[in-house]
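**Q** File follows, query.txt with compact mmCIF, N, CA and C atoms:
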```txt
# COMPACT_ATOMS: atom_id res chain seq x y z
N MET A 1 28.43 20.41 -21.97
CA MET A 1 27.91 21.54 -21.25
C MET A 1 28.89 21.91 -20.14
N SER A 2 29.23 23.13 -20.04
CA SER A 2 30.14 23.56 -18.98
C SER A 2 29.38 23.63 -17.66
N PRO A 3 30.09 23.54 -16.55
CA PRO A 3 29.41 23.59 -15.25
C PRO A 3 28.55 24.83 -15.07
N ALA A 4 28.96 25.95 -15.67
CA ALA A 4 28.21 27.19 -15.51
C ALA A 4 26.87 27.14 -16.24
N THR A 5 26.77 26.32 -17.30
CA THR A 5 25.53 26.28 -18.07
C THR A 5 24.67 25.07 -17.75
N GLN A 6 25.16 24.17 -16.92
CA GLN A 6 24.36 23.01 -16.55
C GLN A 6 23.22 23.43 -15.63
N PRO A 7 22.05 22.85 -15.84
CA PRO A 7 20.94 23.17 -14.94
C PRO A 7 21.28 22.76 -13.52
N GLN A 8 20.91 23.58 -12.58
CA GLN A 8 21.14 23.28 -11.17
C GLN A 8 20.15 22.22 -10.72
N ARG A 9 20.66 21.21 -10.05
CA ARG A 9 19.77 20.18 -9.51
C ARG A 9 19.16 20.69 -8.23
N GLN A 10 17.88 20.51 -8.12
CA GLN A 10 17.19 20.86 -6.89
C GLN A 10 17.50 19.77 -5.87
N SER A 11 17.76 20.16 -4.65
CA SER A 11 17.93 19.14 -3.63
C SER A 11 16.57 18.56 -3.31
N THR A 12 16.54 17.28 -3.11
CA THR A 12 15.27 16.64 -2.81
C THR A 12 15.11 16.52 -1.30
N THR A 13 13.91 16.69 -0.87
CA THR A 13 13.60 16.59 0.54
C THR A 13 12.69 15.39 0.73
N GLN A 14 13.03 14.55 1.65
CA GLN A 14 12.16 13.43 1.95
C GLN A 14 10.91 13.99 2.60
N LEU A 15 9.75 13.63 2.06
CA LEU A 15 8.50 14.18 2.55
C LEU A 15 7.97 13.44 3.77
N ALA A 16 8.31 12.18 3.89
CA ALA A 16 7.77 11.41 5.01
C ALA A 16 8.87 10.55 5.60
N ASN A 17 8.83 10.40 6.91
CA ASN A 17 9.78 9.50 7.55
C ASN A 17 9.09 8.22 8.01
N THR A 18 7.79 8.13 7.71
CA THR A 18 6.99 6.97 8.11
C THR A 18 6.09 6.55 6.97
N VAL A 19 5.98 5.25 6.76
CA VAL A 19 5.05 4.72 5.76
C VAL A 19 4.16 3.67 6.43
N LEU A 20 3.01 3.49 5.85
CA LEU A 20 2.07 2.47 6.31
C LEU A 20 2.00 1.38 5.26
N MET A 21 2.24 0.16 5.66
CA MET A 21 2.15 -0.98 4.74
C MET A 21 1.15 -1.99 5.32
N VAL A 22 0.42 -2.64 4.42
CA VAL A 22 -0.57 -3.64 4.82
C VAL A 22 -0.03 -5.00 4.40
N ARG A 23 0.15 -5.88 5.38
CA ARG A 23 0.65 -7.23 5.07
C ARG A 23 -0.36 -7.91 4.12
N PRO A 24 0.11 -8.48 3.01
CA PRO A 24 -0.80 -9.00 1.98
C PRO A 24 -1.39 -10.38 2.29
N GLU A 25 -2.04 -10.50 3.43
CA GLU A 25 -2.62 -11.78 3.86
C GLU A 25 -3.60 -12.38 2.86
N GLY A 26 -4.48 -11.55 2.30
CA GLY A 26 -5.51 -12.07 1.40
C GLY A 26 -5.31 -11.66 -0.04
N PHE A 27 -4.10 -11.26 -0.40
CA PHE A 27 -3.82 -10.72 -1.73
C PHE A 27 -4.13 -11.74 -2.82
N GLU A 28 -4.98 -11.32 -3.76
CA GLU A 28 -5.33 -12.14 -4.91
C GLU A 28 -6.14 -11.30 -5.89
N PHE A 29 -6.48 -11.88 -7.02
CA PHE A 29 -7.32 -11.19 -7.99
C PHE A 29 -8.66 -10.87 -7.34
N ASN A 30 -9.15 -9.67 -7.56
CA ASN A 30 -10.43 -9.25 -7.00
C ASN A 30 -11.47 -9.25 -8.11
N ALA A 31 -12.36 -10.22 -8.09
CA ALA A 31 -13.38 -10.33 -9.13
C ALA A 31 -14.33 -9.14 -9.14
N GLN A 32 -14.52 -8.48 -7.97
CA GLN A 32 -15.44 -7.35 -7.91
C GLN A 32 -14.87 -6.10 -8.57
N THR A 33 -13.56 -5.97 -8.59
CA THR A 33 -12.95 -4.77 -9.18
C THR A 33 -12.16 -5.08 -10.46
N GLY A 34 -11.88 -6.33 -10.71
CA GLY A 34 -11.04 -6.72 -11.84
C GLY A 34 -11.63 -6.45 -13.21
N THR A 35 -12.94 -6.33 -13.28
CA THR A 35 -13.56 -6.12 -14.59
C THR A 35 -13.25 -4.76 -15.19
N ASP A 36 -13.01 -3.76 -14.36
CA ASP A 36 -12.73 -2.42 -14.90
C ASP A 36 -11.41 -1.84 -14.37
N ASN A 37 -10.53 -2.69 -13.88
CA ASN A 37 -9.23 -2.25 -13.40
C ASN A 37 -8.16 -2.83 -14.33
N GLU A 38 -7.57 -1.98 -15.14
CA GLU A 38 -6.60 -2.46 -16.13
C GLU A 38 -5.32 -3.00 -15.51
N PHE A 39 -5.09 -2.77 -14.23
CA PHE A 39 -3.89 -3.26 -13.58
C PHE A 39 -4.06 -4.68 -13.03
N GLN A 40 -5.29 -5.19 -13.03
CA GLN A 40 -5.55 -6.53 -12.51
C GLN A 40 -5.73 -7.52 -13.65
N HIS A 41 -5.09 -8.66 -13.49
CA HIS A 41 -5.22 -9.74 -14.48
C HIS A 41 -5.23 -11.06 -13.74
N ARG A 42 -6.08 -11.97 -14.17
CA ARG A 42 -6.06 -13.32 -13.59
C ARG A 42 -4.78 -14.00 -14.06
N LEU A 43 -4.10 -14.65 -13.15
CA LEU A 43 -2.88 -15.36 -13.49
C LEU A 43 -3.11 -16.86 -13.39
N ALA A 44 -2.32 -17.60 -14.13
CA ALA A 44 -2.42 -19.07 -14.09
C ALA A 44 -1.78 -19.61 -12.81
N THR A 45 -1.03 -18.79 -12.12
CA THR A 45 -0.36 -19.18 -10.88
C THR A 45 -1.39 -19.39 -9.77
N SER A 46 -1.13 -20.32 -8.89
CA SER A 46 -2.07 -20.60 -7.79
C SER A 46 -2.15 -19.42 -6.83
N LYS A 47 -3.29 -19.32 -6.15
CA LYS A 47 -3.48 -18.25 -5.16
C LYS A 47 -2.41 -18.32 -4.08
N SER A 48 -2.08 -19.53 -3.63
CA SER A 48 -1.09 -19.65 -2.55
C SER A 48 0.29 -19.21 -3.03
N ALA A 49 0.66 -19.51 -4.26
CA ALA A 49 1.96 -19.09 -4.79
C ALA A 49 2.01 -17.57 -4.94
N ILE A 50 0.91 -16.97 -5.39
CA ILE A 50 0.85 -15.52 -5.54
C ILE A 50 0.97 -14.86 -4.17
N ARG A 51 0.24 -15.39 -3.19
CA ARG A 51 0.30 -14.84 -1.84
C ARG A 51 1.69 -14.96 -1.24
N GLN A 52 2.32 -16.11 -1.44
CA GLN A 52 3.66 -16.32 -0.90
C GLN A 52 4.65 -15.33 -1.52
N GLN A 53 4.54 -15.12 -2.82
CA GLN A 53 5.42 -14.15 -3.48
C GLN A 53 5.16 -12.74 -2.95
N ALA A 54 3.89 -12.40 -2.79
CA ALA A 54 3.54 -11.08 -2.25
C ALA A 54 4.08 -10.91 -0.84
N MET A 55 3.97 -11.94 -0.01
CA MET A 55 4.47 -11.86 1.37
C MET A 55 6.00 -11.69 1.37
N ASN A 56 6.69 -12.41 0.49
CA ASN A 56 8.15 -12.29 0.40
C ASN A 56 8.55 -10.88 -0.04
N GLU A 57 7.89 -10.37 -1.07
CA GLU A 57 8.19 -9.03 -1.56
C GLU A 57 7.90 -7.98 -0.48
N PHE A 58 6.80 -8.18 0.23
CA PHE A 58 6.43 -7.28 1.31
C PHE A 58 7.53 -7.22 2.37
N SER A 59 7.97 -8.39 2.81
CA SER A 59 9.00 -8.46 3.86
C SER A 59 10.29 -7.79 3.41
N ARG A 60 10.71 -8.07 2.17
CA ARG A 60 11.95 -7.46 1.67
C ARG A 60 11.82 -5.94 1.59
N MET A 61 10.67 -5.45 1.14
CA MET A 61 10.48 -3.99 1.03
C MET A 61 10.47 -3.35 2.41
N ALA A 62 9.76 -3.93 3.36
CA ALA A 62 9.72 -3.37 4.71
C ALA A 62 11.12 -3.33 5.31
N GLU A 63 11.89 -4.40 5.14
CA GLU A 63 13.26 -4.44 5.67
C GLU A 63 14.14 -3.39 5.00
N ARG A 64 13.99 -3.23 3.70
CA ARG A 64 14.81 -2.25 2.97
C ARG A 64 14.50 -0.83 3.41
N LEU A 65 13.21 -0.53 3.56
CA LEU A 65 12.82 0.80 4.03
C LEU A 65 13.37 1.07 5.43
N GLN A 66 13.23 0.10 6.31
CA GLN A 66 13.74 0.25 7.68
C GLN A 66 15.25 0.44 7.68
N ALA A 67 15.95 -0.26 6.80
CA ALA A 67 17.41 -0.13 6.72
C ALA A 67 17.80 1.28 6.28
N GLU A 68 16.92 1.96 5.56
CA GLU A 68 17.18 3.33 5.11
C GLU A 68 16.70 4.36 6.12
N GLY A 69 16.22 3.90 7.28
CA GLY A 69 15.80 4.82 8.33
C GLY A 69 14.34 5.23 8.28
N VAL A 70 13.56 4.57 7.43
CA VAL A 70 12.14 4.89 7.35
C VAL A 70 11.39 4.07 8.40
N ASN A 71 10.52 4.73 9.15
CA ASN A 71 9.68 4.05 10.13
C ASN A 71 8.55 3.36 9.37
N VAL A 72 8.42 2.06 9.50
CA VAL A 72 7.42 1.29 8.77
C VAL A 72 6.34 0.82 9.75
N LEU A 73 5.13 1.33 9.56
CA LEU A 73 3.98 0.86 10.34
C LEU A 73 3.33 -0.24 9.53
N ILE A 74 3.11 -1.38 10.15
CA ILE A 74 2.54 -2.52 9.42
C ILE A 74 1.17 -2.85 9.98
N LEU A 75 0.17 -2.79 9.10
CA LEU A 75 -1.16 -3.25 9.48
C LEU A 75 -1.20 -4.76 9.28
N GLU A 76 -1.42 -5.47 10.35
CA GLU A 76 -1.48 -6.92 10.28
C GLU A 76 -2.90 -7.34 9.91
N LYS A 77 -3.13 -8.61 9.91
CA LYS A 77 -4.43 -9.17 9.56
C LYS A 77 -5.53 -8.48 10.37
N ASP A 78 -6.60 -8.16 9.70
CA ASP A 78 -7.73 -7.49 10.32
C ASP A 78 -8.27 -8.35 11.46
N PRO A 79 -8.44 -7.78 12.66
CA PRO A 79 -8.92 -8.57 13.80
C PRO A 79 -10.33 -9.11 13.59
N ARG A 80 -11.06 -8.55 12.63
CA ARG A 80 -12.40 -9.07 12.33
C ARG A 80 -12.34 -10.33 11.48
N GLY A 81 -11.12 -10.74 11.07
CA GLY A 81 -10.97 -11.94 10.25
C GLY A 81 -11.19 -11.69 8.77
N ILE A 82 -11.32 -10.43 8.39
CA ILE A 82 -11.56 -10.07 7.00
C ILE A 82 -10.21 -9.95 6.28
N THR A 83 -10.08 -10.61 5.13
CA THR A 83 -8.85 -10.50 4.35
C THR A 83 -9.20 -10.12 2.91
N PRO A 84 -9.56 -8.86 2.68
CA PRO A 84 -9.91 -8.43 1.33
C PRO A 84 -8.71 -8.55 0.38
N PRO A 85 -8.96 -8.91 -0.88
CA PRO A 85 -7.87 -9.11 -1.82
C PRO A 85 -7.08 -7.84 -2.13
N ASP A 86 -7.69 -6.66 -1.99
CA ASP A 86 -7.03 -5.39 -2.32
C ASP A 86 -6.57 -4.62 -1.09
N ALA A 87 -6.54 -5.23 0.06
CA ALA A 87 -6.21 -4.52 1.29
C ALA A 87 -4.81 -3.92 1.28
N VAL A 88 -3.95 -4.38 0.38
CA VAL A 88 -2.58 -3.85 0.33
C VAL A 88 -2.53 -2.45 -0.27
N PHE A 89 -3.67 -1.92 -0.70
CA PHE A 89 -3.72 -0.60 -1.31
C PHE A 89 -4.53 0.38 -0.47
N PRO A 90 -4.09 0.68 0.76
CA PRO A 90 -4.87 1.59 1.60
C PRO A 90 -4.89 3.02 1.07
N ASN A 91 -3.97 3.34 0.15
CA ASN A 91 -3.97 4.68 -0.43
C ASN A 91 -5.26 4.97 -1.19
N ASN A 92 -6.05 3.94 -1.46
CA ASN A 92 -7.32 4.14 -2.15
C ASN A 92 -8.43 4.60 -1.20
N TRP A 93 -8.27 4.38 0.10
CA TRP A 93 -9.35 4.76 1.01
C TRP A 93 -8.96 5.79 2.06
N PHE A 94 -7.70 6.15 2.15
CA PHE A 94 -7.36 7.25 3.05
C PHE A 94 -6.13 7.99 2.56
N THR A 95 -6.04 9.22 2.99
CA THR A 95 -4.85 10.04 2.71
C THR A 95 -4.59 10.91 3.93
N THR A 96 -3.37 11.39 4.04
CA THR A 96 -3.01 12.27 5.14
C THR A 96 -2.56 13.62 4.57
N THR A 97 -2.56 14.63 5.41
CA THR A 97 -2.13 15.95 4.99
C THR A 97 -0.94 16.39 5.83
N HIS A 98 -0.29 17.47 5.41
CA HIS A 98 0.83 18.02 6.18
C HIS A 98 0.39 18.45 7.57
N ALA A 99 -0.88 18.81 7.71
CA ALA A 99 -1.40 19.27 9.00
C ALA A 99 -1.72 18.10 9.94
N GLY A 100 -1.50 16.86 9.47
CA GLY A 100 -1.76 15.70 10.30
C GLY A 100 -3.18 15.19 10.22
N GLU A 101 -3.95 15.71 9.28
CA GLU A 101 -5.35 15.26 9.12
C GLU A 101 -5.37 13.95 8.34
N ILE A 102 -6.37 13.14 8.64
CA ILE A 102 -6.60 11.91 7.89
C ILE A 102 -7.96 12.04 7.22
N HIS A 103 -8.00 11.82 5.92
CA HIS A 103 -9.25 11.88 5.16
C HIS A 103 -9.58 10.45 4.70
N ILE A 104 -10.80 10.03 5.00
CA ILE A 104 -11.26 8.69 4.66
C ILE A 104 -12.21 8.81 3.47
N PHE A 105 -12.04 7.93 2.48
CA PHE A 105 -12.85 7.95 1.27
C PHE A 105 -13.72 6.71 1.16
N PRO A 106 -14.85 6.85 0.50
CA PRO A 106 -15.71 5.68 0.27
C PRO A 106 -15.11 4.78 -0.81
N MET A 107 -15.51 3.55 -0.83
CA MET A 107 -15.06 2.61 -1.85
C MET A 107 -16.28 2.09 -2.60
N LEU A 108 -16.10 1.76 -3.89
CA LEU A 108 -17.22 1.38 -4.74
C LEU A 108 -17.76 -0.03 -4.46
N THR A 109 -16.89 -1.02 -4.42
CA THR A 109 -17.38 -2.40 -4.31
C THR A 109 -17.47 -2.85 -2.85
N PRO A 110 -18.38 -3.78 -2.58
CA PRO A 110 -18.57 -4.24 -1.19
C PRO A 110 -17.29 -4.77 -0.53
N ASN A 111 -16.49 -5.57 -1.25
CA ASN A 111 -15.30 -6.11 -0.58
C ASN A 111 -14.20 -5.06 -0.42
N ARG A 112 -14.21 -3.98 -1.17
CA ARG A 112 -13.26 -2.89 -0.93
C ARG A 112 -13.72 -2.09 0.29
N ARG A 113 -15.02 -1.97 0.51
CA ARG A 113 -15.52 -1.25 1.70
C ARG A 113 -15.09 -1.95 2.97
N GLU A 114 -15.01 -3.30 2.93
CA GLU A 114 -14.62 -4.08 4.11
C GLU A 114 -13.21 -3.78 4.57
N GLU A 115 -12.33 -3.36 3.65
CA GLU A 115 -10.93 -3.16 4.04
C GLU A 115 -10.67 -1.85 4.75
N ARG A 116 -11.63 -0.94 4.72
CA ARG A 116 -11.44 0.35 5.41
C ARG A 116 -11.34 0.10 6.90
N ARG A 117 -10.22 0.49 7.49
CA ARG A 117 -9.98 0.26 8.91
C ARG A 117 -9.65 1.60 9.54
N VAL A 118 -10.68 2.35 9.85
CA VAL A 118 -10.50 3.71 10.35
C VAL A 118 -9.68 3.70 11.64
N SER A 119 -9.98 2.82 12.56
CA SER A 119 -9.23 2.80 13.83
C SER A 119 -7.76 2.50 13.60
N ALA A 120 -7.44 1.68 12.61
CA ALA A 120 -6.06 1.32 12.34
C ALA A 120 -5.30 2.49 11.72
N SER A 121 -5.99 3.38 11.05
CA SER A 121 -5.31 4.52 10.41
C SER A 121 -5.01 5.64 11.40
N CYS A 122 -5.39 5.46 12.65
CA CYS A 122 -5.18 6.49 13.67
C CYS A 122 -3.97 6.18 14.55
N TYR A 123 -2.92 5.67 13.96
CA TYR A 123 -1.70 5.31 14.69
C TYR A 123 -1.21 6.46 15.50
```
Please rewrite the model in this file as structure tokens.

**A**
Amino acid sequence: MSPATQPQRQSTTQLANTVLMVRPEGFEFNAQTGTDNEFQHRLATSKSAIRQQAMNEFSRMAERLQAEGVNVLILEKDPRGITPPDAVFPNNWFTTTHAGEIHIFPMLTPNRREERRVSASCY
């Protein structure tokens, strides 16, 4: 294909300069949601080994994002002492808009409801 006939690449624009990450303190299989979530599977690996791997991956990702100039907001362990297994997925209970609005959504299972931290989403 000659340069004149090649499709023009659209320049990409970074949509966000800040991300919110939840440290995976209680990350593990969630029995309340695992029955109908095709992405969850019980593993033969111990809970502590899974958590340690998740914590390592979390740290590396946060460092890599920061190295690229992305502001990383980290939600630490819930001050109420609650460590829901799915807390690393806050995109399931809130979203933001270009106008700066935060929309909070309900969650189906009791332990997913516990992870909603409205005050923490108001950074």

**Q** One decimal, Å: what's the distance from atom CA of Leu75 of chain A over to atom CA of Glu25 of chain A, could you say?

**A**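 Interatomic distance here is 10.3 Å.
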
**Q** Could you work out how far atom CA of Asn71 of chain A lies from atom C of Pro24 of chain A, giving the answer in Å with one decimal?

**A**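 About the pair atom C of Pro24 of chain A and atom CA of Asn71 of chain A: they are 19.8 Å apart.
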
**Q** Distance atom C of Ala49 of chain A-atom CA of Asp78 of chain A, one decimal place?

**A**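 Distance between the two atoms: 20.7 Å.
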
**Q** Could you put an axis-aligned box around every listed atom of segment 94-111 of chain A, padded by 6 Å on each side, and send me its centre and edge lengths in Å to one decimal, as JSON?

**A**
```
{"center_x": -8.9, "center_y": 6.6, "center_z": 2.8, "size_x": 31.4, "size_y": 37.4, "size_z": 27.0}
```

**Q** Per DSSP on the backbone, filter segment 25-97 of chain A down to the residues in helix (DSSP H, G or I) and report them as a VMD selection string.

**A** chain A and resid 47 to 67 90 to 92

**Q** Which of segment 3-111 of chain A counts as strand (DSSP E) under DSSP, as a ChimeraX atom specification please?

**A** /A:18-22,71-75,94-96,102-104
